[in-house]
Amino acid sequence: MQGRTYVYAAIAAATVLISTSVSAGPLTVVEVAAPAINCVFSANCTITVTDSVGQLPLANLNKPNTAWLQSRTFTGAAGTPGAGKTGYEYRLDMTQASGSLECINGIVVNFGPLTQLPYKNNQPTDGYVITQGGLGSIGLGDVEQDADVITFNFAKPICATEQVNAALTTFFFGLASVNPPVAISAGVFATGLQPYFSIPARAPKH
């Protein structure tokens, strides 16, 4: 797993502008439940979100635009641990994708400095995965930050098959930042003819 991470980090460094404001190293990511995770950002545990998607250009899909990366953002309310911060969540969805034999192993996001928040047991951590009460069935493996770039390795490859499969989606995984969202190009690393490509996403401005 570590060897694979280093290979993808090298690819990311070659394709994404990297600053040196953040040191390299593994991130701490905890498993949480919805809607309880919303309480970090909202006093009544209800958040208003903005969603966007970037389509994955997989080859030989039976239907176009059936595989995508979802970016979700929301603002922390006053009086909460996330006050003044923006929450960022991502989810890779291939539940409607069929006909392609390519597998997605993870994504790379030029995120910049993140803000630790008490996502679980009142202990500050770098990020979280919503494994209960929300969409998804696939979690995260290693998560590494190298300067501003974060590499999210999935717990297992997500492979489009000949038939539609409702299990082919990650859980939502999230982080927070003091910076507002902007449009970016995220990296996706895969098996197949195109091992690395860029897709639209959103991340903090920095």
# chains A, B, ... in the order shown; residues from 1 in each chain; ligands from 1
$ residues_around --residues "Asn165 of chain A" --least-positions-apart "5" --cutoff "12 Å" --atoms "only C-alpha atoms" --output "ChimeraX atom specification"
/A:66-67,93-99,136-137,158-160
$ select_by_dssp --residues "chain A" --states "helix (DSSP H, G or I)" --output "VMD selection string"
chain A and resid 2 to 15 36 to 40
$ residues_around --residues "Gln123 of chain A" --least-positions-apart "4" --cutoff "12 Å" --atoms "only C-alpha atoms" --output "list in words"
Thr28, Val29, Val30, Val40, Pro81, Gln116, Leu117, Pro118, Tyr119, Gly127 and Tyr128 of chain A
$ closest_residue --among "A:Ala36, A:Ala176, A:Leu92, A:Ile104" --to "Thr125 of chain A" --atoms "only C-alpha atoms"
A:Ala176
$ atom_distance --atom1 "atom CA of Asn110 of chain A" --atom2 "atom CA of Ile199 of chain A"
12.4 Å
$ closest_residue --among "A:Ala147, A:Ala190, A:Leu114, A:Ile130" --to "Ser177 of chain A" --atoms "only C-alpha atoms"
A:Leu114
$ select_by_dssp --residues "segment 35-194 of chain A" --states "strand (DSSP E)" --output "compact mmCIF listing (two decimals) with C-alpha atoms, in the first residue's frame"
# COMPACT_ATOMS: atom_id res chain seq x y z
CA THR A 50 -23.82 22.59 -2.20
CA ASP A 51 -23.12 19.63 -4.50
CA SER A 52 -21.29 19.35 -7.82
CA VAL A 53 -19.99 16.41 -9.85
CA GLY A 54 -17.07 15.73 -12.15
CA GLN A 55 -17.57 12.95 -14.69
CA TRP A 68 -18.45 10.62 -11.21
CA LEU A 69 -16.74 12.27 -8.27
CA GLN A 70 -19.14 14.22 -6.07
CA SER A 71 -17.89 17.32 -4.24
CA ARG A 72 -20.00 18.62 -1.35
CA THR A 73 -19.43 21.79 0.68
CA PHE A 74 -21.15 23.48 3.62
CA THR A 75 -20.42 26.25 6.11
CA THR A 86 -16.01 25.16 5.36
CA GLY A 87 -16.69 21.45 5.34
CA TYR A 88 -15.63 19.47 2.27
CA GLU A 89 -16.90 16.00 1.46
CA TYR A 90 -16.18 13.73 -1.50
CA ARG A 91 -17.75 10.53 -2.82
CA LEU A 92 -16.85 8.48 -5.89
CA ASP A 93 -20.00 6.96 -7.45
CA CYS A 103 -10.88 0.23 -11.72
CA ILE A 104 -10.43 3.40 -9.65
CA ASN A 105 -7.94 3.17 -6.77
CA GLY A 106 -8.21 6.67 -5.29
CA ILE A 107 -8.15 10.41 -5.85
CA VAL A 108 -5.68 13.26 -5.42
CA VAL A 109 -6.86 16.72 -4.28
CA ASN A 110 -4.82 19.91 -4.04
CA LEU A 117 -11.99 19.33 14.26
CA PRO A 118 -13.49 17.03 16.95
CA TYR A 119 -15.25 14.67 14.57
CA LYS A 120 -15.37 11.81 17.09
CA GLN A 123 -10.84 14.53 19.83
CA PRO A 124 -9.46 16.72 17.02
CA THR A 125 -8.67 14.68 13.90
CA GLY A 127 -10.82 13.95 8.58
CA TYR A 128 -13.68 11.46 8.69
CA VAL A 129 -15.59 8.82 6.75
CA ILE A 130 -19.37 8.51 7.14
CA THR A 131 -19.74 4.73 7.43
CA GLN A 132 -23.21 4.76 9.05
CA LEU A 140 -10.64 4.67 2.75
CA GLY A 141 -7.26 3.04 3.07
CA ASP A 142 -4.19 5.20 3.57
CA VAL A 143 -4.61 8.97 3.38
CA GLU A 144 -1.41 10.98 2.87
CA GLN A 145 -0.67 14.69 2.65
CA ASP A 146 2.38 15.91 0.75
CA VAL A 149 -1.76 17.69 -2.00
CA ILE A 150 -3.82 14.97 -0.29
CA THR A 151 -3.95 11.44 -1.71
CA PHE A 152 -7.01 9.39 -0.74
CA ASN A 153 -6.42 5.69 -1.34
CA PHE A 154 -9.64 3.67 -1.34
CA ALA A 155 -9.93 0.59 0.87
CA LYS A 156 -10.29 -1.47 -2.30
CA PRO A 157 -10.45 -0.72 -6.03
CA ILE A 158 -13.82 0.33 -7.40
CA CYS A 159 -14.27 -1.49 -10.70
CA PHE A 173 -15.30 11.28 3.33
CA GLY A 174 -14.60 14.77 4.60
CA LEU A 175 -12.25 17.43 5.89
CA ALA A 176 -12.49 21.09 6.87
CA SER A 177 -10.66 24.28 5.95
CA PRO A 181 -14.30 26.56 -2.08
CA VAL A 182 -13.13 27.06 -5.66
CA ALA A 183 -13.27 24.91 -8.77
CA ILE A 184 -10.19 22.70 -9.27
CA SER A 185 -9.04 19.71 -11.27
CA ALA A 186 -8.72 16.65 -9.02
CA GLY A 187 -6.62 13.66 -9.98
CA VAL A 188 -7.95 10.12 -10.29
CA PHE A 189 -5.66 7.10 -10.47
CA ALA A 190 -6.94 3.97 -12.12
$ closest_residue --among "A:Phe171, A:Thr115, A:Phe41, A:Ser100" --to "Pro64 of chain A" --atoms "only C-alpha atoms"
A:Ser100
$ residues_around --residues "Thr80 of chain A" --least-positions-apart "2" --cutoff "10 Å" --atoms "only C-alpha atoms" --output "VMD selection string"
chain A and resid 39 to 45 76 to 78 82 to 85
